[in-house]
>>> print(open('work.cif').read())   # mmCIF, C-alpha atoms and all ligand atoms
data_run
#
loop_
_atom_site.label_atom_id
_atom_site.label_comp_id
_atom_site.auth_asym_id
_atom_site.auth_seq_id
_atom_site.Cartn_x
_atom_site.Cartn_y
_atom_site.Cartn_z
CA MET A 1 59.86 55.67 -50.12
CA SER A 2 62.36 52.94 -49.88
CA GLY A 3 62.06 49.59 -48.21
CA PRO A 4 63.72 47.91 -46.62
CA VAL A 5 61.39 44.97 -46.59
CA THR A 6 62.65 43.00 -43.63
CA PRO A 7 61.85 39.51 -42.31
CA VAL A 8 59.58 41.29 -39.82
CA ASP A 9 57.42 42.45 -42.70
CA ALA A 10 57.26 39.13 -44.50
CA PRO A 11 59.65 36.21 -44.67
CA PRO A 12 60.59 35.77 -48.35
CA ASP A 13 60.04 32.02 -48.26
CA GLN A 14 56.54 32.10 -46.88
CA ALA A 15 53.72 31.31 -49.29
CA PRO A 16 50.93 33.88 -49.60
CA ALA A 17 47.67 33.32 -47.81
CA PRO A 18 44.98 31.89 -50.09
CA PRO A 19 42.50 34.48 -51.38
CA GLU A 20 39.21 34.66 -49.53
CA ASP A 21 36.19 33.40 -51.44
CA HIS A 22 33.58 35.33 -49.49
CA PRO A 23 33.23 38.92 -48.34
CA CYS A 24 34.97 39.64 -45.07
CA VAL A 25 36.69 42.41 -43.22
CA GLU A 26 40.01 41.29 -41.79
CA PHE A 27 41.95 44.07 -40.02
CA LEU A 28 45.73 43.66 -40.10
CA PRO A 29 47.67 46.12 -37.92
CA SER A 30 50.59 47.83 -39.64
CA HIS A 31 54.21 47.36 -38.69
CA LEU A 32 55.68 50.58 -37.31
CA THR A 33 59.06 51.26 -38.89
CA ARG A 34 61.30 54.10 -40.02
CA VAL A 35 62.15 55.24 -43.52
CA GLY A 36 64.83 57.90 -43.59
CA GLU A 37 63.82 60.39 -40.89
CA LEU A 38 60.14 59.52 -40.97
CA GLU A 39 58.14 57.01 -38.99
CA VAL A 40 55.89 54.99 -41.27
CA ARG A 41 53.13 52.44 -40.79
CA ARG A 42 53.80 49.53 -43.14
CA ALA A 43 50.50 47.90 -44.08
CA LEU A 44 51.96 45.62 -46.80
CA PRO A 45 53.62 43.21 -46.91
CA ARG A 46 52.65 41.52 -43.65
CA ARG A 47 53.05 37.90 -42.64
CA ALA A 48 49.32 37.28 -42.90
CA ARG A 49 48.85 39.24 -46.13
CA ARG A 50 51.69 39.60 -48.62
CA ASN A 51 49.79 41.42 -51.35
CA VAL A 52 46.38 42.61 -52.54
CA GLY A 53 46.21 41.89 -56.25
CA ALA A 54 49.51 43.19 -57.60
CA TRP A 55 49.83 45.72 -54.73
CA CYS A 56 52.71 44.37 -52.65
CA PHE A 57 53.87 47.27 -50.45
CA LEU A 58 52.11 50.12 -48.67
CA ASP A 59 53.77 52.63 -46.37
CA HIS A 60 51.61 55.26 -44.66
CA MET A 61 53.86 58.15 -43.67
CA GLY A 62 52.93 60.91 -41.27
CA PRO A 63 51.23 63.18 -40.68
CA ALA A 64 54.61 64.54 -39.59
CA LYS A 65 56.10 68.03 -39.36
CA VAL A 66 58.87 68.63 -41.86
CA THR A 67 61.09 71.59 -42.64
CA GLU A 68 62.65 72.94 -45.83
CA GLN A 69 65.72 70.73 -45.39
CA HIS A 70 64.53 67.83 -43.23
CA GLY A 71 61.69 65.52 -44.22
CA VAL A 72 61.67 62.37 -46.26
CA ASP A 73 65.33 62.54 -47.35
CA ILE A 74 65.84 59.05 -48.75
CA GLY A 75 69.05 58.91 -50.76
CA PRO A 76 69.50 57.15 -54.10
CA HIS A 77 68.46 53.49 -53.92
CA PRO A 78 67.57 50.91 -56.57
CA HIS A 79 64.37 49.12 -57.52
CA ILE A 80 63.56 46.25 -59.87
CA GLY A 81 60.30 44.63 -60.96
CA LEU A 82 57.86 47.11 -59.45
CA GLN A 83 56.12 50.44 -59.88
CA THR A 84 56.23 53.01 -57.07
CA VAL A 85 52.98 54.92 -56.57
CA THR A 86 53.48 58.06 -54.48
CA TRP A 87 50.36 59.85 -53.21
CA LEU A 88 50.21 62.74 -50.76
CA PHE A 89 47.42 64.06 -48.54
CA ASP A 90 49.53 67.01 -47.33
CA GLY A 91 52.93 68.47 -48.13
CA GLU A 92 55.47 68.15 -50.93
CA ILE A 93 58.25 65.74 -51.91
CA LEU A 94 60.91 66.08 -54.58
CA HIS A 95 61.55 62.97 -56.70
CA ARG A 96 64.80 62.48 -58.64
CA ASP A 97 65.70 59.37 -60.60
CA SER A 98 68.38 57.82 -62.81
CA LEU A 99 66.33 58.63 -65.92
CA GLY A 100 67.01 62.31 -65.21
CA SER A 101 63.53 63.03 -63.86
CA GLU A 102 63.18 65.79 -61.26
CA GLN A 103 59.59 66.13 -60.15
CA LEU A 104 57.87 67.87 -57.28
CA ILE A 105 54.72 66.11 -56.10
CA ARG A 106 51.80 67.69 -54.26
CA PRO A 107 48.48 66.37 -52.90
CA GLY A 108 46.14 65.04 -55.58
CA GLN A 109 49.00 64.22 -57.93
CA LEU A 110 50.60 60.89 -58.80
CA ASN A 111 54.27 60.10 -59.19
CA LEU A 112 54.50 56.73 -60.94
CA MET A 113 57.93 55.22 -61.41
CA THR A 114 58.29 51.94 -63.29
CA ALA A 115 61.47 50.09 -62.35
CA GLY A 116 61.41 47.25 -64.87
CA ARG A 117 64.92 45.79 -65.10
CA GLY A 118 66.33 48.57 -62.94
CA VAL A 119 66.11 52.19 -61.86
CA ALA A 120 67.36 54.28 -58.94
CA HIS A 121 65.70 57.24 -57.29
CA ALA A 122 65.86 59.60 -54.33
CA GLU A 123 63.02 61.22 -52.41
CA GLU A 124 63.96 64.54 -50.89
CA SER A 125 62.80 67.57 -49.00
CA THR A 126 61.93 70.31 -51.45
CA GLY A 127 64.12 73.03 -49.94
CA ARG A 128 61.10 75.30 -49.60
CA TYR A 129 58.24 73.44 -47.90
CA ARG A 130 57.67 73.64 -44.15
CA GLY A 131 54.60 72.07 -42.61
CA VAL A 132 52.80 68.77 -42.46
CA LEU A 133 53.82 65.84 -44.65
CA HIS A 134 51.24 63.07 -44.94
CA GLY A 135 50.98 60.45 -47.65
CA MET A 136 51.43 56.94 -48.85
CA GLN A 137 53.82 55.08 -51.05
CA LEU A 138 52.68 51.85 -52.60
CA TRP A 139 54.40 49.35 -54.88
CA VAL A 140 52.81 47.35 -57.64
CA ALA A 141 54.54 44.13 -58.69
CA GLN A 142 55.11 44.17 -62.44
CA PRO A 143 53.97 41.12 -64.43
CA ASP A 144 56.41 38.97 -66.39
CA SER A 145 55.48 40.86 -69.56
CA THR A 146 57.10 44.11 -68.36
CA ARG A 147 59.24 43.39 -65.31
CA ASP A 148 62.41 42.95 -67.36
CA GLY A 149 61.54 45.94 -69.55
CA PRO A 150 62.87 49.50 -69.53
CA PRO A 151 62.36 51.84 -66.57
CA ALA A 152 60.04 54.83 -66.88
CA PHE A 153 58.71 57.75 -64.89
CA ALA A 154 55.43 59.65 -65.22
CA HIS A 155 53.81 62.46 -63.26
CA HIS A 156 50.03 62.87 -63.39
CA ALA A 157 48.77 66.22 -62.11
CA ASP A 158 45.22 65.70 -63.37
CA LEU A 159 43.42 62.53 -62.34
CA PRO A 160 39.71 61.72 -62.75
CA VAL A 161 37.52 62.60 -59.79
CA PHE A 162 34.08 61.05 -59.26
CA ASP A 163 31.25 61.85 -56.89
CA VAL A 164 29.84 59.41 -54.38
CA GLU A 165 26.83 59.98 -52.11
CA GLN A 166 28.84 61.61 -49.33
CA GLY A 167 32.03 62.82 -50.92
CA ALA A 168 34.36 62.22 -53.82
CA GLY A 169 36.93 59.76 -55.05
CA THR A 170 40.03 60.09 -57.22
CA VAL A 171 41.06 57.18 -59.41
CA ILE A 172 44.84 57.14 -58.96
CA VAL A 173 45.45 54.10 -61.15
CA GLY A 174 43.17 51.61 -62.87
CA ARG A 175 39.40 51.71 -63.12
CA LEU A 176 36.52 51.97 -60.66
CA GLY A 177 33.10 51.56 -62.28
CA ASP A 178 33.37 53.58 -65.48
CA VAL A 179 36.04 56.01 -64.24
CA THR A 180 39.55 55.25 -65.50
CA SER A 181 42.91 56.79 -64.59
CA PRO A 182 45.23 57.75 -67.47
CA ALA A 183 48.21 56.32 -65.56
CA ARG A 184 50.12 53.35 -66.95
CA ARG A 185 48.94 50.00 -65.67
CA ASP A 186 50.59 46.67 -66.50
CA SER A 187 48.03 44.51 -64.64
CA ASP A 188 44.38 44.95 -63.63
CA HIS A 189 44.96 46.64 -60.27
CA VAL A 190 43.09 49.72 -59.06
CA GLY A 191 43.92 52.39 -56.50
CA VAL A 192 41.40 55.05 -55.43
CA GLU A 193 41.53 57.86 -52.88
CA LEU A 194 38.26 58.36 -50.98
CA ASP A 195 37.48 61.71 -49.38
CA LEU A 196 34.21 61.26 -47.50
CA ARG A 197 31.89 63.41 -45.42
CA ARG A 198 29.47 62.04 -42.82
CA GLY A 199 27.10 59.37 -44.15
CA THR A 200 27.17 56.29 -46.35
CA SER A 201 28.74 56.05 -49.80
CA VAL A 202 28.67 53.09 -52.17
CA MET A 203 31.39 52.20 -54.70
CA PRO A 204 31.13 49.61 -57.50
CA LEU A 205 33.62 46.72 -57.25
CA GLU A 206 34.63 43.76 -59.43
CA PRO A 207 33.68 40.45 -57.72
CA ALA A 208 36.72 38.62 -59.12
CA ALA A 209 39.12 41.14 -57.58
CA GLU A 210 40.27 41.31 -53.97
CA TYR A 211 40.27 44.68 -52.21
CA ALA A 212 41.64 46.38 -49.13
CA LEU A 213 41.02 49.70 -47.43
CA VAL A 214 43.63 51.80 -45.65
CA VAL A 215 42.33 54.80 -43.74
CA ALA A 216 44.57 57.86 -43.41
CA VAL A 217 42.28 60.37 -41.66
CA GLY A 218 39.24 59.69 -39.44
CA ALA A 219 37.44 56.36 -39.50
CA MET A 220 35.44 54.41 -42.10
CA SER A 221 33.02 51.59 -41.32
CA VAL A 222 32.51 48.58 -43.58
CA GLY A 223 29.55 46.67 -42.25
CA ALA A 224 29.95 46.57 -38.48
CA ARG A 225 33.71 46.98 -38.68
CA GLU A 226 35.20 50.40 -38.04
CA VAL A 227 38.53 50.92 -39.80
CA GLU A 228 40.99 53.51 -38.50
CA PRO A 229 44.54 54.53 -39.46
CA GLY A 230 47.22 52.03 -38.44
CA GLY A 231 46.34 48.99 -40.46
CA LEU A 232 44.88 47.44 -43.57
CA ALA A 233 41.29 46.20 -43.77
CA TYR A 234 41.32 43.25 -46.16
CA LEU A 235 37.93 42.98 -47.85
CA GLY A 236 38.43 39.77 -49.84
CA THR A 237 36.82 38.91 -53.17
CA GLY A 238 33.20 38.41 -54.17
CA ARG A 239 31.89 41.93 -53.65
CA ASP A 240 30.11 43.81 -56.43
CA GLU A 241 29.91 46.96 -54.34
CA LEU A 242 31.32 48.45 -51.19
CA ALA A 243 29.32 50.60 -48.76
CA ILE A 244 31.40 52.79 -46.47
CA THR A 245 29.84 54.70 -43.57
CA THR A 246 31.49 57.60 -41.81
CA THR A 247 30.38 59.62 -38.78
CA ALA A 248 32.85 62.43 -39.49
CA PRO A 249 35.03 63.44 -42.47
CA ALA A 250 37.49 60.68 -43.41
CA ARG A 251 40.08 59.97 -46.08
CA GLY A 252 41.65 56.76 -47.19
CA VAL A 253 42.81 54.63 -50.07
CA LEU A 254 41.04 51.61 -51.57
CA ILE A 255 43.28 49.17 -53.45
CA GLY A 256 42.34 46.07 -55.40
CA GLY A 257 43.14 43.64 -58.19
CA THR A 258 42.89 40.04 -59.29
CA PRO A 259 44.62 37.77 -56.74
CA LEU A 260 48.07 36.75 -57.97
CA ASP A 261 48.61 33.13 -59.06
CA ASP A 262 52.27 32.93 -58.10
CA PRO A 263 54.11 34.20 -55.03
CA LEU A 264 56.40 37.21 -55.30
CA LEU A 265 59.90 37.23 -53.91
CA MET A 266 60.54 40.57 -52.21
CA TRP A 267 63.84 41.56 -50.68
CA TRP A 268 64.90 45.11 -49.75
CA ASN A 269 63.78 47.30 -52.67
CA PHE A 270 63.50 44.48 -55.18
CA VAL A 271 60.50 42.48 -56.37
CA ALA A 272 61.39 39.33 -58.27
CA ARG A 273 60.57 35.65 -58.55
CA THR A 274 63.93 33.99 -57.83
CA ARG A 275 66.82 34.48 -55.42
CA SER A 276 69.32 34.74 -58.26
CA GLU A 277 67.44 37.73 -59.71
CA ILE A 278 67.67 39.42 -56.31
CA SER A 279 71.36 38.52 -55.86
CA ASP A 280 72.20 39.88 -59.32
CA ALA A 281 70.42 43.15 -58.58
CA TYR A 282 72.20 43.43 -55.22
CA ASP A 283 75.59 42.80 -56.89
CA ASP A 284 74.83 45.41 -59.56
CA TRP A 285 73.89 48.02 -56.95
CA VAL A 286 77.01 47.35 -54.86
CA ALA A 287 79.15 47.57 -58.03
CA ALA A 288 77.46 50.88 -59.02
CA SER A 289 76.60 49.21 -62.32
CA GLU A 290 75.12 51.21 -65.18
CA ARG A 291 72.01 49.09 -64.71
CA PHE A 292 70.86 51.49 -61.99
CA GLY A 293 72.46 54.64 -63.42
CA THR A 294 73.11 57.68 -61.26
CA VAL A 295 70.78 60.06 -59.47
CA ALA A 296 71.58 63.79 -59.23
CA SER A 297 70.93 63.93 -55.49
CA ARG A 298 72.77 65.70 -52.65
CA LEU A 299 72.04 62.65 -50.50
CA PRO A 300 74.38 59.62 -50.26
CA ARG A 301 73.55 56.31 -51.93
CA VAL A 302 71.71 53.91 -49.63
CA PRO A 303 73.82 50.85 -48.82
CA ALA A 304 72.46 47.37 -48.22
CA ASP A 305 73.68 44.20 -46.54
CA PRO A 306 73.62 41.18 -48.86
CA PRO A 307 70.62 38.84 -48.94
CA GLN A 308 70.87 36.06 -46.36
CA TRP A 309 71.42 33.45 -49.10
CA HIS A 310 74.17 35.51 -50.82
CA PRO A 311 77.80 34.18 -50.72
CA ARG A 312 78.90 37.50 -49.14
CA ALA A 313 76.33 37.23 -46.34
MN MN B 401 62.12 53.86 -53.49
#
>>> encode(input="work.cif", output="structure tokens", more="lines below")
Ligand code: MN
Amino acid sequence: MSGPVTPVDAPPDQAPAPPEDHPCVEFLPSHLTRVGELEVRRALPRRARRNVGAWCFLDHMGPAKVTEQHGVDIGPHPHIGLQTVTWLFDGEILHRDSLGSEQLIRPGQLNLMTAGRGVAHAEESTGRYRGVLHGMQLWVAQPDSTRDGPPAFAHHADLPVFDVEQGAGTVIVGRLGDVTSPARRDSDHVGVELDLRRGTSVMPLEPAAEYALVVAVGAMSVGAREVEPGGLAYLGTGRDELAITTTAPARGVLIGGTPLDDPLLMWWNFVARTRSEISDAYDDWVAASERFGTVASRLPRVPADPPQWHPRA
């Protein structure tokens, strides 16, 4: 997925909401927007909730019908300072990037691209898949220790699955209880897919971390609150476990991590800390600088208007 992160999603100057210090369930409706040809529900960032731990972007796409040649189809665009986490419930997407990666992704697999100081990628129809496309793309803000580092790409076809009372979970990134994903992680965030049958299931959590639940299929109840697709249920900090009750099969993603100390600056497809970092990245993309390389895609490069503070704006 590509941004853009617009002022509707979250004004760049607005400070993040303070982390909650007691368990809660706060439902934040997603912002309906369009990425390429697909309608997506953007759960992060929102005005009231900019990030959950280092997770700073979450697009829920589909379920939508796609054809061999028309689906996601997002042309080459740049990223800095973040990791993209692509996770599908149905369908296929082809990833290409400026590192030379060409990787098909299917349900249950992770495409993890680390932008660091700069990378470009495209997300395309596969040329062979026709059917339902349903998934999520999330971004993780990289910490100072790696955000100026080299870009990277990894595909994980085999992730650890664990049983819960009424279903199973897959640890996409990070650790839940004693189950750990092999995927690279530069901070202490966690992302887990939950695939639940009818009943109640309990997951171990870290009290110091904040968590949120995004439902993709069916409905999941946390306490008295029923959570359905179309928004993010912020669960706050201070929980050592999470009980989820379902009355029918349901799937969703649980994300979490230690609340960030400092606000992120997000603009378009860039995550940074200062406006000059964003302006430099914008200038480098417009100039087709080697910083972002080239992507072997049939799709055109995605243009961008300058940031509102940029001299060209
Ligand atoms: Mn992207």
>>> closest_residue(input="work.cif", among="A:Gly218, A:Gly131, A:Gly257, A:Pro107", to="Asn51 of chain A", atoms="only C-alpha atoms")
A:Gly257
>>> closest_residue(input="work.cif", among="A:Met203, A:Ile74, A:Val217, A:Ala281", to="ligand MN 401 (chain B)", atoms="all atoms listed in the file")
A:Ile74
>>> atom_distance(input="work.cif", atom1="atom CA of Asp90 of chain A", atom2="atom CA of Leu28 of chain A")
24.7 Å
>>> residues_near_ligand(input="work.cif", ligand="ligand MN 401 (chain B)", cutoff="10 Å", atoms="all atoms listed in the file", output="ChimeraX atom specification")
/A:1-4,74-79,82-86,95,97,113,115,119-123,137-139,268-270
>>> atom_distance(input="work.cif", atom1="atom CA of Gly231 of chain A", atom2="atom CA of Asp178 of chain A")
28.6 Å
>>> residues_near_point(input="work.cif", point="(66.1, 48.4, -65.5)", cutoff="10 Å", atoms="all atoms listed in the file", output="ChimeraX atom specification")
/A:78-81,114-120,147-152,281,290-293
>>> write_last_selection(input="work.cif", atoms="C-alpha atoms", output="short mmCIF file (atom, residue, chain, number, x, y, z; two decimals), in the coordinates of the input")
data_model
loop_
_atom_site.label_atom_id
_atom_site.label_comp_id
_atom_site.auth_asym_id
_atom_site.auth_seq_id
_atom_site.Cartn_x
_atom_site.Cartn_y
_atom_site.Cartn_z
CA PRO A 78 67.57 50.91 -56.57
CA HIS A 79 64.37 49.12 -57.52
CA ILE A 80 63.56 46.25 -59.87
CA GLY A 81 60.30 44.63 -60.96
CA THR A 114 58.29 51.94 -63.29
CA ALA A 115 61.47 50.09 -62.35
CA GLY A 116 61.41 47.25 -64.87
CA ARG A 117 64.92 45.79 -65.10
CA GLY A 118 66.33 48.57 -62.94
CA VAL A 119 66.11 52.19 -61.86
CA ALA A 120 67.36 54.28 -58.94
CA ARG A 147 59.24 43.39 -65.31
CA ASP A 148 62.41 42.95 -67.36
CA GLY A 149 61.54 45.94 -69.55
CA PRO A 150 62.87 49.50 -69.53
CA PRO A 151 62.36 51.84 -66.57
CA ALA A 152 60.04 54.83 -66.88
CA ALA A 281 70.42 43.15 -58.58
CA GLU A 290 75.12 51.21 -65.18
CA ARG A 291 72.01 49.09 -64.71
CA PHE A 292 70.86 51.49 -61.99
CA GLY A 293 72.46 54.64 -63.42
#
>>> residues_near_point(input="work.cif", point="(30.4, 46.7, -55.0)", cutoff="10 Å", atoms="all atoms listed in the file", output="list in words")
Leu176, Gly177, Val202, Met203, Pro204, Leu205, Glu206, Pro207, Gly238, Arg239, Asp240, Glu241, Leu242 and Ala243 of chain A
>>> residues_around(input="work.cif", residues="Ala313 of chain A", least_positions_apart="3", cutoff="12 Å", atoms="only C-alpha atoms", output="list in words")
Ser279, Tyr282, Asp283, Ala304, Asp305, Pro306, Pro307, Gln308, Trp309 and His310 of chain A
>>> residues_around(input="work.cif", residues="Gln166 of chain A", least_positions_apart="4", cutoff="7 Å", atoms="all atoms listed in the file", output="CSV table (one decimal) with C-alpha atoms, in the frame of the given file")
chain,number,residue,atom,x,y,z
A,196,LEU,CA,34.2,61.3,-47.5
A,197,ARG,CA,31.9,63.4,-45.4
A,198,ARG,CA,29.5,62.0,-42.8
A,199,GLY,CA,27.1,59.4,-44.2
A,200,THR,CA,27.2,56.3,-46.4
A,201,SER,CA,28.7,56.0,-49.8
>>> closest_residue(input="work.cif", among="A:Thr246, A:Ser289, A:Gln103, A:Ser187", to="Thr258 of chain A", atoms="only C-alpha atoms")
A:Ser187
>>> atom_distance(input="work.cif", atom1="atom CA of Arg312 of chain A", atom2="atom CA of Val140 of chain A")
29.2 Å
>>> closest_residue(input="work.cif", among="A:Gly71, A:Pro45, A:Gly256, A:Gly236", to="His189 of chain A", atoms="all atoms listed in the file")
A:Gly256
>>> closest_residue(input="work.cif", among="A:Gly169, A:Pro311, A:Gly252, A:Gly223", to="Glu26 of chain A", atoms="only C-alpha atoms")
A:Gly223
>>> closest_residue(input="work.cif", among="A:Thr170, A:Thr247, A:Ser98, A:Thr33", to="Ala296 of chain A", atoms="only C-alpha atoms")
A:Ser98
>>> axis_aligned_box(input="work.cif", around="segment 135-143 of chain A", padding_each_side="6 Å", output="AutoDock Vina command-line options")
--center_x 53.0 --center_y 50.8 --center_z -56.0 --size_x 16.1 --size_y 31.3 --size_z 28.8
>>> residues_around(input="work.cif", residues="Met220 of chain A", least_positions_apart="6", cutoff="7 Å", atoms="all atoms listed in the file", output="PyMOL selection string")
chain A and resi 226-228+244-246+250
>>> residues_around(input="work.cif", residues="segment 124-126 of chain A", least_positions_apart="5", cutoff="6 Å", atoms="only C-alpha atoms", output="PDB file with C-alpha atoms, keeping the file's coordinate frame")
ATOM      1  CA  GLN A  69      65.720  70.730 -45.390  1.00  0.00           C
ATOM      2  CA  GLY A  71      61.690  65.520 -44.220  1.00  0.00           C
ATOM      3  CA  VAL A  72      61.670  62.370 -46.260  1.00  0.00           C
ATOM      4  CA  ASP A  73      65.330  62.540 -47.350  1.00  0.00           C
ATOM      5  CA  ILE A  93      58.250  65.740 -51.910  1.00  0.00           C
ATOM      6  CA  LEU A  94      60.910  66.080 -54.580  1.00  0.00           C
TER       7      LEU A  94
END
>>> build_atoms(input="work.cif", residues="segment 174-186 of chain A", atoms="N, CA and C atoms", output="PDB file, keeping the file's coordinate frame")
ATOM      1  N   GLY A 174      44.161  52.638 -62.594  1.00  0.00           N
ATOM      2  CA  GLY A 174      43.170  51.610 -62.870  1.00  0.00           C
ATOM      3  C   GLY A 174      41.788  52.182 -63.079  1.00  0.00           C
ATOM      4  N   ARG A 175      40.775  51.335 -62.805  1.00  0.00           N
ATOM      5  CA  ARG A 175      39.400  51.710 -63.120  1.00  0.00           C
ATOM      6  C   ARG A 175      38.485  51.351 -61.967  1.00  0.00           C
ATOM      7  N   LEU A 176      37.589  52.266 -61.616  1.00  0.00           N
ATOM      8  CA  LEU A 176      36.520  51.970 -60.660  1.00  0.00           C
ATOM      9  C   LEU A 176      35.207  52.334 -61.334  1.00  0.00           C
ATOM     10  N   GLY A 177      34.323  51.314 -61.522  1.00  0.00           N
ATOM     11  CA  GLY A 177      33.100  51.560 -62.280  1.00  0.00           C
ATOM     12  C   GLY A 177      33.479  51.963 -63.690  1.00  0.00           C
ATOM     13  N   ASP A 178      33.017  53.132 -64.129  1.00  0.00           N
ATOM     14  CA  ASP A 178      33.370  53.580 -65.480  1.00  0.00           C
ATOM     15  C   ASP A 178      34.340  54.750 -65.455  1.00  0.00           C
ATOM     16  N   VAL A 179      35.048  54.927 -64.348  1.00  0.00           N
ATOM     17  CA  VAL A 179      36.040  56.010 -64.240  1.00  0.00           C
ATOM     18  C   VAL A 179      37.434  55.395 -64.293  1.00  0.00           C
ATOM     19  N   THR A 180      38.247  55.871 -65.246  1.00  0.00           N
ATOM     20  CA  THR A 180      39.550  55.250 -65.500  1.00  0.00           C
ATOM     21  C   THR A 180      40.669  56.281 -65.400  1.00  0.00           C
ATOM     22  N   SER A 181      41.717  55.938 -64.681  1.00  0.00           N
ATOM     23  CA  SER A 181      42.910  56.790 -64.590  1.00  0.00           C
ATOM     24  C   SER A 181      43.711  56.704 -65.876  1.00  0.00           C
ATOM     25  N   PRO A 182      44.356  57.802 -66.287  1.00  0.00           N
ATOM     26  CA  PRO A 182      45.230  57.750 -67.470  1.00  0.00           C
ATOM     27  C   PRO A 182      46.592  57.133 -67.182  1.00  0.00           C
ATOM     28  N   ALA A 183      46.868  56.801 -65.915  1.00  0.00           N
ATOM     29  CA  ALA A 183      48.210  56.320 -65.560  1.00  0.00           C
ATOM     30  C   ALA A 183      48.456  54.914 -66.126  1.00  0.00           C
ATOM     31  N   ARG A 184      49.709  54.663 -66.441  1.00  0.00           N
ATOM     32  CA  ARG A 184      50.120  53.350 -66.950  1.00  0.00           C
ATOM     33  C   ARG A 184      49.736  52.258 -65.951  1.00  0.00           C
ATOM     34  N   ARG A 185      49.308  51.133 -66.517  1.00  0.00           N
ATOM     35  CA  ARG A 185      48.940  50.000 -65.670  1.00  0.00           C
ATOM     36  C   ARG A 185      49.303  48.730 -66.422  1.00  0.00           C
ATOM     37  N   ASP A 186      50.139  47.887 -65.828  1.00  0.00           N
ATOM     38  CA  ASP A 186      50.590  46.670 -66.500  1.00  0.00           C
ATOM     39  C   ASP A 186      49.782  45.443 -66.060  1.00  0.00           C
TER      40      ASP A 186
END
